[in-house]
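S.K.: Okay, handing you the structure first.
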2 protein chains.
Amino acid sequence: MKNVLGILAETSLFQGLPEDQLADIAAIVIAKEYQREEMIFSEGDNGDGFYVVVDGLIKVFKVSTEGKEQILHIFSGGEPIGEVPVFSGQKFPASALALKKSRMLFFPRGAFVDLIATHPSLALNMLAVLAMRLRQFTVQIENLSLKEVPGRLAAYLLYLSEEQRNRKVVTLSISKGQLASLLGTIPETLSRMLAKMSAQELILVKGRNIHLLDLVGLKALSDSGKMTDN
Amino acid sequence: MKNVLGILAETSLFQGLPEDQLADIAAIVIAKEYQREEMIFSEGDNGDGFYVVVDGLIKVFKVSTEGKEQILHIFSGGEPIGEVPVFSGQKFPASALALKKSRMLFFPRGAFVDLIATHPSLALNMLAVLAMRLRQFTVQIENLSLKEVPGRLAAYLLYLSEEQRNRKVVTLSISKGQLASLLGTIPETLSRMLAKMSAQELILVKGRNIHLLDLVGLKALSDSGKMTDN
DNA sequence: GCATGACCTTGACTTAGGTCAAATCCTCGT
DNA sequence: ACGAGGATTTGACCTAAGTCAAGGTCATGC
């Protein structure tokens with residue numbers, strides 16, 4: 001494992017903090033490693049701290065009694081996970097599992113709360129993280145409730161395109177089955193919608209690479225939430 | 001308007017703060033009043049502060065381009081609204097409107113951030129508020145994605161029952177049309193589901209009063225998310 | 001190089017819930 | 001008490017998307 005200080009400095013949660021505060025933070029950190037398909041925590045578990053992803057890929061999700069899964073978020077390097085129980089209640093509201101072999105830094109609750117109480121800018125950074133997540137959740141609720149599957153898919157592809165430096169070919173970091181679960185649908189439906197959007201020449205699917213052929217059309221679909229027949 | 005200090009002391013956001021800190025906070029507050037159906041802010045507006053509801057009823061919601069509405073939350077006395085732009089970005093992720101004549105306290109962003117930076121326990125209280133809201137949103141995402149309408153309705157009725165001191169008769173504080181929008185459906189469908197659940201003798205609907213006849217059955221429906229036919 | 005299993009796609013069918021339209025009910029202001 | 005207009009309910013119908021069941025495809029390990 002490389003220098004913990006260097007990793008912290010690259011994490012948005014710790015942006016702008018002076019060197020000595022980073023050292024204080026590094027002092028409480030515990031490095032952990034998870035294998036592919038390994039559970040990190042389960043909904044309902046007691047949370048005695050939170051994690052920051054160093055590298056790898058983590059999914060945070062809920063499962064219904066019938067076994068259907070809804071992914072809340074896919075996390076990769078630099079993102080904090082599992083902060084909610086640190087500040088409210090104590091149980092995790094969802095489960096987390098490593099989709100790839102992943103390295104994480106663990107921050108024990110008590111020590112971290114002490115740090116926040118003595119480092120106001122760390123408190124403000126953490127408030128910014130939680131506020132950003134609330135913003136993302138409002139978007140996800142909007143997508144689930146107000147958009148149909150093709151609209152959600154278009155929105156996700158456009159999001160990927162931005163994330164991957166505005167390219168016209170995006171690469172899925174997760175399987176199509178997992179993407180279905182992230183979009184609140186099932187693999188069969190996702191497959192059909194990819195086919196339908198291909199037929200309309202909005203996209204061209206080549207395995208996990210998807211060419212965005214008509215950015216304007218995708219934007220319209222994402223905004224309206226509904227597919228205009230054709 | 002009665003004593004601002006007294007109101008602050010009863011707000012969970014300010015729980016446990018010493019008298020002198022409350023006085024510091026009261027010093028930056030601006031009282032505002034909104035009429036029934038008056039907009040408080042709109043999605044996309046710049047947020048230069050947040051609000052605490054003194055009394056009244058506020059809905060926070062999103063609207064699709066086709067005009068369908070999804071309510072994210074109904075707020076009443078003591079709850080803070082519109083904190084997200086204070087800590088991340090600056091635009092409101094949703095809109096807010098008064099359902100009744102409502103009194104609010106407004107906290108300007110700059111002054112409040114200064115307070116947080118100098119009052120660590122206020123920072124921790126605000127972190128607890130945001131964490132609790134994240135928890136609520138994960139539940140709402142779960143409900144929308146993994147439960148059918150009767151399951152969401154059962155979950156909401158049980159929530160109301162707890163909130164209203166575990167009584168077997170709950171009273172809706174909002175119209176059925178608004179409840180439909182909160183549950184991610186439309187009035188026609190809600191009406192049919194209320195009828196179906198009445199036929200199964202789970203509930204008895206008397207206007208805005210709903211008798212919970214079978215708490216065990218409602219719990220099963222809420223947990224499984226699906227109606228067992230009958 | 002090929003077999004095994006996971007992943008993905010496709011087809012036929014079903015269903016939850018949305019749409020549209022019409023009736024009925026309720027609430028308020030006069 | 002009365003009437004207007006919004007809220008709620010009901011019916012007939014439609015459609016997005018889920019279920020179930022086969023196939024097909026691809027990558028990995030032997």
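Residues in the structure tokens are named by chain (A, B, ... in the order shown) and by number from 1 within that chain; ligands are numbered from 1 in the order shown.
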Could you write out as a list in words the residues of chain D within 12 Å of chain B, counting only C-alpha atoms (C1' of nucleotides)?
M.R.: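 Matching residues, ligands excluded from the count: DG6, DA7, DT8, DT9, DT10 and DG11 of chain D.
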S.K.: Using only C-alpha atoms (C1' of nucleotides), which chain C residues lie at most 9 Å away from chain B, written as number ranges by chain?
M.R.: C: 16-18
S.K.: How would chain B read as a PDB file with C-alpha atoms, in the first residue's frame once least-squares superposed on chain A using all paired C-alpha atoms?
M.R.:
ATOM      1  CA  MET B   1      -0.048   0.061  -0.001  1.00  0.00           C
ATOM      2  CA  LYS B   2       1.378   3.369  -1.028  1.00  0.00           C
ATOM      3  CA  ASN B   3       1.552   6.526   1.024  1.00  0.00           C
ATOM      4  CA  VAL B   4      -1.715   7.135   2.891  1.00  0.00           C
ATOM      5  CA  LEU B   5      -1.105  10.889   3.002  1.00  0.00           C
ATOM      6  CA  GLY B   6      -0.910  11.028  -0.775  1.00  0.00           C
ATOM      7  CA  ILE B   7      -4.210   9.208  -1.123  1.00  0.00           C
ATOM      8  CA  LEU B   8      -5.960  11.476   1.359  1.00  0.00           C
ATOM      9  CA  ALA B   9      -4.713  14.586  -0.446  1.00  0.00           C
ATOM     10  CA  GLU B  10      -6.411  13.378  -3.649  1.00  0.00           C
ATOM     11  CA  THR B  11      -9.751  12.677  -1.966  1.00  0.00           C
ATOM     12  CA  SER B  12     -12.374  15.415  -2.321  1.00  0.00           C
ATOM     13  CA  LEU B  13     -13.441  14.924   1.266  1.00  0.00           C
ATOM     14  CA  PHE B  14     -10.035  16.173   2.368  1.00  0.00           C
ATOM     15  CA  GLN B  15      -9.513  18.862  -0.259  1.00  0.00           C
ATOM     16  CA  GLY B  16      -7.952  22.048   0.944  1.00  0.00           C
ATOM     17  CA  LEU B  17      -6.945  20.764   4.350  1.00  0.00           C
ATOM     18  CA  PRO B  18      -3.491  21.793   5.618  1.00  0.00           C
ATOM     19  CA  GLU B  19      -0.722  19.204   5.767  1.00  0.00           C
ATOM     20  CA  ASP B  20      -0.806  18.879   9.556  1.00  0.00           C
ATOM     21  CA  GLN B  21      -4.550  18.121   9.566  1.00  0.00           C
ATOM     22  CA  LEU B  22      -4.030  15.449   6.923  1.00  0.00           C
ATOM     23  CA  ALA B  23      -1.429  13.918   9.183  1.00  0.00           C
ATOM     24  CA  ASP B  24      -3.935  13.903  12.068  1.00  0.00           C
ATOM     25  CA  ILE B  25      -6.409  12.146   9.829  1.00  0.00           C
ATOM     26  CA  ALA B  26      -3.907   9.641   8.464  1.00  0.00           C
ATOM     27  CA  ALA B  27      -3.173   8.660  12.048  1.00  0.00           C
ATOM     28  CA  ILE B  28      -6.628   7.144  12.602  1.00  0.00           C
ATOM     29  CA  VAL B  29      -6.940   5.320   9.267  1.00  0.00           C
ATOM     30  CA  ILE B  30      -6.978   1.542   8.860  1.00  0.00           C
ATOM     31  CA  ALA B  31      -6.234   0.047   5.431  1.00  0.00           C
ATOM     32  CA  LYS B  32      -8.492  -2.810   4.315  1.00  0.00           C
ATOM     33  CA  GLU B  33      -8.712  -4.954   1.208  1.00  0.00           C
ATOM     34  CA  TYR B  34     -11.707  -6.777  -0.273  1.00  0.00           C
ATOM     35  CA  GLN B  35     -11.868  -9.467  -2.934  1.00  0.00           C
ATOM     36  CA  ARG B  36     -14.257  -9.516  -5.866  1.00  0.00           C
ATOM     37  CA  GLU B  37     -17.813 -10.330  -4.669  1.00  0.00           C
ATOM     38  CA  GLU B  38     -16.873  -9.800  -1.029  1.00  0.00           C
ATOM     39  CA  MET B  39     -19.438  -8.034   1.200  1.00  0.00           C
ATOM     40  CA  ILE B  40     -18.204  -4.892   2.917  1.00  0.00           C
ATOM     41  CA  PHE B  41     -21.299  -4.408   5.055  1.00  0.00           C
ATOM     42  CA  SER B  42     -24.964  -5.387   5.011  1.00  0.00           C
ATOM     43  CA  GLU B  43     -28.096  -3.328   5.510  1.00  0.00           C
ATOM     44  CA  GLY B  44     -28.923  -3.293   9.205  1.00  0.00           C
ATOM     45  CA  ASP B  45     -25.351  -3.918  10.374  1.00  0.00           C
ATOM     46  CA  ASN B  46     -24.032  -1.536  12.971  1.00  0.00           C
ATOM     47  CA  GLY B  47     -21.732   1.032  11.425  1.00  0.00           C
ATOM     48  CA  ASP B  48     -18.707   1.826  13.545  1.00  0.00           C
ATOM     49  CA  GLY B  49     -17.028   3.954  10.898  1.00  0.00           C
ATOM     50  CA  PHE B  50     -16.923   4.731   7.211  1.00  0.00           C
ATOM     51  CA  TYR B  51     -14.675   3.946   4.242  1.00  0.00           C
ATOM     52  CA  VAL B  52     -12.912   5.774   1.456  1.00  0.00           C
ATOM     53  CA  VAL B  53     -12.309   3.794  -1.732  1.00  0.00           C
ATOM     54  CA  VAL B  54      -8.661   3.834  -2.779  1.00  0.00           C
ATOM     55  CA  ASP B  55      -9.135   1.749  -5.899  1.00  0.00           C
ATOM     56  CA  GLY B  56     -11.498  -0.902  -7.168  1.00  0.00           C
ATOM     57  CA  LEU B  57     -15.280  -0.769  -7.621  1.00  0.00           C
ATOM     58  CA  ILE B  58     -17.998  -0.979  -4.983  1.00  0.00           C
ATOM     59  CA  LYS B  59     -21.766  -1.241  -5.342  1.00  0.00           C
ATOM     60  CA  VAL B  60     -24.153   0.015  -2.654  1.00  0.00           C
ATOM     61  CA  PHE B  61     -27.594  -1.538  -2.975  1.00  0.00           C
ATOM     62  CA  LYS B  62     -30.853  -2.704  -1.421  1.00  0.00           C
ATOM     63  CA  VAL B  63     -32.576  -6.037  -2.001  1.00  0.00           C
ATOM     64  CA  SER B  64     -36.318  -6.730  -1.800  1.00  0.00           C
ATOM     65  CA  THR B  65     -37.732  -9.745  -0.005  1.00  0.00           C
ATOM     66  CA  GLU B  66     -38.347 -11.270  -3.459  1.00  0.00           C
ATOM     67  CA  GLY B  67     -34.664 -10.863  -4.268  1.00  0.00           C
ATOM     68  CA  LYS B  68     -34.815  -7.971  -6.722  1.00  0.00           C
ATOM     69  CA  GLU B  69     -31.882  -5.611  -6.281  1.00  0.00           C
ATOM     70  CA  GLN B  70     -31.745  -1.827  -6.608  1.00  0.00           C
ATOM     71  CA  ILE B  71     -28.275  -0.310  -6.822  1.00  0.00           C
ATOM     72  CA  LEU B  72     -28.095   3.097  -5.120  1.00  0.00           C
ATOM     73  CA  HIS B  73     -24.593   3.994  -6.250  1.00  0.00           C
ATOM     74  CA  ILE B  74     -21.438   2.615  -7.800  1.00  0.00           C
ATOM     75  CA  PHE B  75     -18.312   3.925  -6.073  1.00  0.00           C
ATOM     76  CA  SER B  76     -14.769   4.087  -7.377  1.00  0.00           C
ATOM     77  CA  GLY B  77     -11.497   5.678  -6.267  1.00  0.00           C
ATOM     78  CA  GLY B  78     -11.645   8.695  -3.972  1.00  0.00           C
ATOM     79  CA  GLU B  79     -15.270   8.398  -2.871  1.00  0.00           C
ATOM     80  CA  PRO B  80     -16.409   7.938   0.738  1.00  0.00           C
ATOM     81  CA  ILE B  81     -18.862   5.132   1.587  1.00  0.00           C
ATOM     82  CA  GLY B  82     -21.048   4.411   4.575  1.00  0.00           C
ATOM     83  CA  GLU B  83     -20.990   7.806   6.274  1.00  0.00           C
ATOM     84  CA  VAL B  84     -24.677   7.818   7.228  1.00  0.00           C
ATOM     85  CA  PRO B  85     -24.381   5.674  10.389  1.00  0.00           C
ATOM     86  CA  VAL B  86     -21.463   7.801  11.583  1.00  0.00           C
ATOM     87  CA  PHE B  87     -23.780  10.786  12.004  1.00  0.00           C
ATOM     88  CA  SER B  88     -27.280   9.375  12.460  1.00  0.00           C
ATOM     89  CA  GLY B  89     -28.516   6.233  14.089  1.00  0.00           C
ATOM     90  CA  GLN B  90     -25.996   3.498  13.754  1.00  0.00           C
ATOM     91  CA  LYS B  91     -27.240   0.981  11.238  1.00  0.00           C
ATOM     92  CA  PHE B  92     -26.328   0.959   7.556  1.00  0.00           C
ATOM     93  CA  PRO B  93     -29.356   1.823   5.413  1.00  0.00           C
ATOM     94  CA  ALA B  94     -28.061  -0.362   2.546  1.00  0.00           C
ATOM     95  CA  SER B  95     -25.500  -3.051   1.731  1.00  0.00           C
ATOM     96  CA  ALA B  96     -22.115  -2.745   0.020  1.00  0.00           C
ATOM     97  CA  LEU B  97     -20.161  -5.278  -2.007  1.00  0.00           C
ATOM     98  CA  ALA B  98     -16.901  -5.167  -3.959  1.00  0.00           C
ATOM     99  CA  LEU B  99     -17.408  -5.704  -7.703  1.00  0.00           C
ATOM    100  CA  LYS B 100     -13.639  -5.931  -8.143  1.00  0.00           C
ATOM    101  CA  LYS B 101     -10.740  -6.481  -5.816  1.00  0.00           C
ATOM    102  CA  SER B 102     -10.731  -3.157  -3.948  1.00  0.00           C
ATOM    103  CA  ARG B 103      -8.574  -1.327  -1.462  1.00  0.00           C
ATOM    104  CA  MET B 104     -10.223   0.924   1.106  1.00  0.00           C
ATOM    105  CA  LEU B 105      -9.315   3.156   4.011  1.00  0.00           C
ATOM    106  CA  PHE B 106     -11.444   2.723   7.110  1.00  0.00           C
ATOM    107  CA  PHE B 107     -12.151   5.652   9.458  1.00  0.00           C
ATOM    108  CA  PRO B 108     -13.358   4.585  12.919  1.00  0.00           C
ATOM    109  CA  ARG B 109     -16.370   6.551  14.023  1.00  0.00           C
ATOM    110  CA  GLY B 110     -15.243   7.888  17.380  1.00  0.00           C
ATOM    111  CA  ALA B 111     -11.859   9.122  16.251  1.00  0.00           C
ATOM    112  CA  PHE B 112     -13.331  10.710  13.143  1.00  0.00           C
ATOM    113  CA  VAL B 113     -16.068  12.556  15.041  1.00  0.00           C
ATOM    114  CA  ASP B 114     -13.379  13.940  17.355  1.00  0.00           C
ATOM    115  CA  LEU B 115     -11.446  15.144  14.319  1.00  0.00           C
ATOM    116  CA  ILE B 116     -14.503  16.873  12.917  1.00  0.00           C
ATOM    117  CA  ALA B 117     -15.185  18.608  16.195  1.00  0.00           C
ATOM    118  CA  THR B 118     -11.703  20.098  16.164  1.00  0.00           C
ATOM    119  CA  HIS B 119     -11.290  20.721  12.421  1.00  0.00           C
ATOM    120  CA  PRO B 120     -14.126  22.931  11.138  1.00  0.00           C
ATOM    121  CA  SER B 121     -13.040  22.771   7.509  1.00  0.00           C
ATOM    122  CA  LEU B 122     -13.228  18.979   7.665  1.00  0.00           C
ATOM    123  CA  ALA B 123     -16.779  19.338   8.976  1.00  0.00           C
ATOM    124  CA  LEU B 124     -17.677  21.600   6.068  1.00  0.00           C
ATOM    125  CA  ASN B 125     -16.113  19.197   3.575  1.00  0.00           C
ATOM    126  CA  MET B 126     -18.146  16.333   5.011  1.00  0.00           C
ATOM    127  CA  LEU B 127     -21.309  18.462   4.870  1.00  0.00           C
ATOM    128  CA  ALA B 128     -20.535  19.099   1.208  1.00  0.00           C
ATOM    129  CA  VAL B 129     -20.192  15.357   0.576  1.00  0.00           C
ATOM    130  CA  LEU B 130     -23.524  14.553   2.199  1.00  0.00           C
ATOM    131  CA  ALA B 131     -25.255  17.455   0.453  1.00  0.00           C
ATOM    132  CA  MET B 132     -23.942  16.254  -2.916  1.00  0.00           C
ATOM    133  CA  ARG B 133     -25.253  12.769  -2.226  1.00  0.00           C
ATOM    134  CA  LEU B 134     -28.674  14.167  -1.320  1.00  0.00           C
ATOM    135  CA  ARG B 135     -28.634  15.967  -4.639  1.00  0.00           C
ATOM    136  CA  GLN B 136     -27.827  12.710  -6.444  1.00  0.00           C
ATOM    137  CA  PHE B 137     -30.615  10.879  -4.653  1.00  0.00           C
ATOM    138  CA  THR B 138     -33.175  13.509  -5.646  1.00  0.00           C
ATOM    139  CA  VAL B 139     -32.130  12.872  -9.239  1.00  0.00           C
ATOM    140  CA  GLN B 140     -32.474   9.128  -8.790  1.00  0.00           C
ATOM    141  CA  ILE B 141     -35.950   9.513  -7.278  1.00  0.00           C
ATOM    142  CA  GLU B 142     -36.904  11.786 -10.158  1.00  0.00           C
ATOM    143  CA  ASN B 143     -35.590   9.254 -12.675  1.00  0.00           C
ATOM    144  CA  LEU B 144     -37.416   6.326 -11.098  1.00  0.00           C
ATOM    145  CA  SER B 145     -40.707   8.154 -10.713  1.00  0.00           C
ATOM    146  CA  LEU B 146     -40.888  10.541 -13.658  1.00  0.00           C
ATOM    147  CA  LYS B 147     -38.908   8.827 -16.432  1.00  0.00           C
ATOM    148  CA  GLU B 148     -39.400   5.589 -18.274  1.00  0.00           C
ATOM    149  CA  VAL B 149     -36.543   3.145 -18.710  1.00  0.00           C
ATOM    150  CA  PRO B 150     -35.237   4.585 -22.026  1.00  0.00           C
ATOM    151  CA  GLY B 151     -35.151   8.051 -20.451  1.00  0.00           C
ATOM    152  CA  ARG B 152     -33.149   6.775 -17.489  1.00  0.00           C
ATOM    153  CA  LEU B 153     -30.789   4.944 -19.799  1.00  0.00           C
ATOM    154  CA  ALA B 154     -30.248   8.036 -21.942  1.00  0.00           C
ATOM    155  CA  ALA B 155     -29.559  10.096 -18.807  1.00  0.00           C
ATOM    156  CA  TYR B 156     -27.025   7.523 -17.626  1.00  0.00           C
ATOM    157  CA  LEU B 157     -25.232   7.384 -20.968  1.00  0.00           C
ATOM    158  CA  LEU B 158     -24.954  11.175 -21.048  1.00  0.00           C
ATOM    159  CA  TYR B 159     -23.648  11.132 -17.489  1.00  0.00           C
ATOM    160  CA  LEU B 160     -21.027   8.553 -18.500  1.00  0.00           C
ATOM    161  CA  SER B 161     -20.083  10.646 -21.492  1.00  0.00           C
ATOM    162  CA  GLU B 162     -19.407  13.658 -19.284  1.00  0.00           C
ATOM    163  CA  GLU B 163     -17.517  11.588 -16.757  1.00  0.00           C
ATOM    164  CA  GLN B 164     -15.379  10.064 -19.509  1.00  0.00           C
ATOM    165  CA  ARG B 165     -14.271  13.430 -20.890  1.00  0.00           C
ATOM    166  CA  ASN B 166     -17.237  14.071 -23.180  1.00  0.00           C
ATOM    167  CA  ARG B 167     -16.445  11.365 -25.620  1.00  0.00           C
ATOM    168  CA  LYS B 168     -18.937   9.966 -28.089  1.00  0.00           C
ATOM    169  CA  VAL B 169     -18.022   6.409 -27.134  1.00  0.00           C
ATOM    170  CA  VAL B 170     -18.596   5.440 -23.522  1.00  0.00           C
ATOM    171  CA  THR B 171     -17.473   2.263 -21.777  1.00  0.00           C
ATOM    172  CA  LEU B 172     -19.609   0.595 -19.117  1.00  0.00           C
ATOM    173  CA  SER B 173     -17.635  -0.179 -15.979  1.00  0.00           C
ATOM    174  CA  ILE B 174     -20.311  -2.675 -14.875  1.00  0.00           C
ATOM    175  CA  SER B 175     -22.171  -5.534 -16.532  1.00  0.00           C
ATOM    176  CA  LYS B 176     -25.469  -4.893 -18.265  1.00  0.00           C
ATOM    177  CA  GLY B 177     -27.223  -6.886 -15.586  1.00  0.00           C
ATOM    178  CA  GLN B 178     -25.822  -4.561 -12.951  1.00  0.00           C
ATOM    179  CA  LEU B 179     -26.710  -1.546 -15.060  1.00  0.00           C
ATOM    180  CA  ALA B 180     -30.303  -2.794 -15.188  1.00  0.00           C
ATOM    181  CA  SER B 181     -30.327  -2.931 -11.403  1.00  0.00           C
ATOM    182  CA  LEU B 182     -28.880   0.588 -11.206  1.00  0.00           C
ATOM    183  CA  LEU B 183     -31.614   1.900 -13.517  1.00  0.00           C
ATOM    184  CA  GLY B 184     -34.382   0.174 -11.579  1.00  0.00           C
ATOM    185  CA  THR B 185     -35.212  -2.452 -14.183  1.00  0.00           C
ATOM    186  CA  ILE B 186     -34.227  -6.008 -15.201  1.00  0.00           C
ATOM    187  CA  PRO B 187     -31.714  -7.301 -17.771  1.00  0.00           C
ATOM    188  CA  GLU B 188     -34.374  -8.361 -20.302  1.00  0.00           C
ATOM    189  CA  THR B 189     -35.935  -4.925 -20.379  1.00  0.00           C
ATOM    190  CA  LEU B 190     -32.577  -3.157 -20.576  1.00  0.00           C
ATOM    191  CA  SER B 191     -31.597  -5.377 -23.477  1.00  0.00           C
ATOM    192  CA  ARG B 192     -34.794  -4.520 -25.336  1.00  0.00           C
ATOM    193  CA  MET B 193     -34.383  -0.807 -24.744  1.00  0.00           C
ATOM    194  CA  LEU B 194     -30.792  -0.874 -25.974  1.00  0.00           C
ATOM    195  CA  ALA B 195     -32.085  -2.596 -29.106  1.00  0.00           C
ATOM    196  CA  LYS B 196     -34.877  -0.068 -29.551  1.00  0.00           C
ATOM    197  CA  MET B 197     -32.543   2.903 -29.120  1.00  0.00           C
ATOM    198  CA  SER B 198     -30.141   1.298 -31.583  1.00  0.00           C
ATOM    199  CA  ALA B 199     -32.966   0.927 -34.098  1.00  0.00           C
ATOM    200  CA  GLN B 200     -33.639   4.646 -33.719  1.00  0.00           C
ATOM    201  CA  GLU B 201     -29.953   5.298 -34.364  1.00  0.00           C
ATOM    202  CA  LEU B 202     -29.495   7.047 -31.051  1.00  0.00           C
ATOM    203  CA  ILE B 203     -26.722   4.647 -30.081  1.00  0.00           C
ATOM    204  CA  LEU B 204     -24.611   1.787 -31.399  1.00  0.00           C
ATOM    205  CA  VAL B 205     -23.841  -0.996 -28.934  1.00  0.00           C
ATOM    206  CA  LYS B 206     -20.584  -2.937 -29.207  1.00  0.00           C
ATOM    207  CA  GLY B 207     -20.376  -5.072 -26.084  1.00  0.00           C
ATOM    208  CA  ARG B 208     -19.529  -2.753 -23.219  1.00  0.00           C
ATOM    209  CA  ASN B 209     -18.703   0.098 -25.550  1.00  0.00           C
ATOM    210  CA  ILE B 210     -21.630   2.266 -26.551  1.00  0.00           C
ATOM    211  CA  HIS B 211     -21.376   4.855 -29.310  1.00  0.00           C
ATOM    212  CA  LEU B 212     -23.541   7.900 -28.749  1.00  0.00           C
ATOM    213  CA  LEU B 213     -24.697   8.629 -32.294  1.00  0.00           C
ATOM    214  CA  ASP B 214     -27.243  11.352 -31.559  1.00  0.00           C
ATOM    215  CA  LEU B 215     -26.435  13.444 -28.512  1.00  0.00           C
ATOM    216  CA  VAL B 216     -29.313  15.834 -29.181  1.00  0.00           C
ATOM    217  CA  GLY B 217     -31.801  12.998 -29.412  1.00  0.00           C
ATOM    218  CA  LEU B 218     -30.418  11.392 -26.255  1.00  0.00           C
ATOM    219  CA  LYS B 219     -30.718  14.689 -24.408  1.00  0.00           C
ATOM    220  CA  ALA B 220     -34.327  15.080 -25.541  1.00  0.00           C
ATOM    221  CA  LEU B 221     -35.092  11.528 -24.443  1.00  0.00           C
ATOM    222  CA  SER B 222     -33.425  12.089 -21.086  1.00  0.00           C
ATOM    223  CA  ASP B 223     -35.290  15.350 -20.492  1.00  0.00           C
ATOM    224  CA  SER B 224     -38.737  14.197 -21.561  1.00  0.00           C
ATOM    225  CA  GLY B 225     -38.282  10.787 -19.973  1.00  0.00           C
ATOM    226  CA  LYS B 226     -40.322   9.185 -22.735  1.00  0.00           C
ATOM    227  CA  MET B 227     -39.514   7.587 -26.026  1.00  0.00           C
ATOM    228  CA  THR B 228     -41.206   9.152 -29.027  1.00  0.00           C
ATOM    229  CA  ASP B 229     -42.364   6.179 -31.061  1.00  0.00           C
ATOM    230  CA  ASN B 230     -40.952   5.407 -34.445  1.00  0.00           C
TER     231      ASN B 230
END
S.K.: How would you write, as a ChimeraX atom specification, the set of residues in segment 9-228 of chain B that DSSP gives as alpha helix (DSSP H)?
M.R.: /B:9,19-26,84-87,109-118,120-146,149-163,176-182,187-199,215-224
S.K.: Could you pull out the strand (DSSP E or B) residues of segment 48-225 of chain B from DSSP and send them as a PyMOL selection string?
M.R.: chain B and resi 49-55+58-63+69-75+80-81+91+95-98+102-108+169-171+203-206+209-212
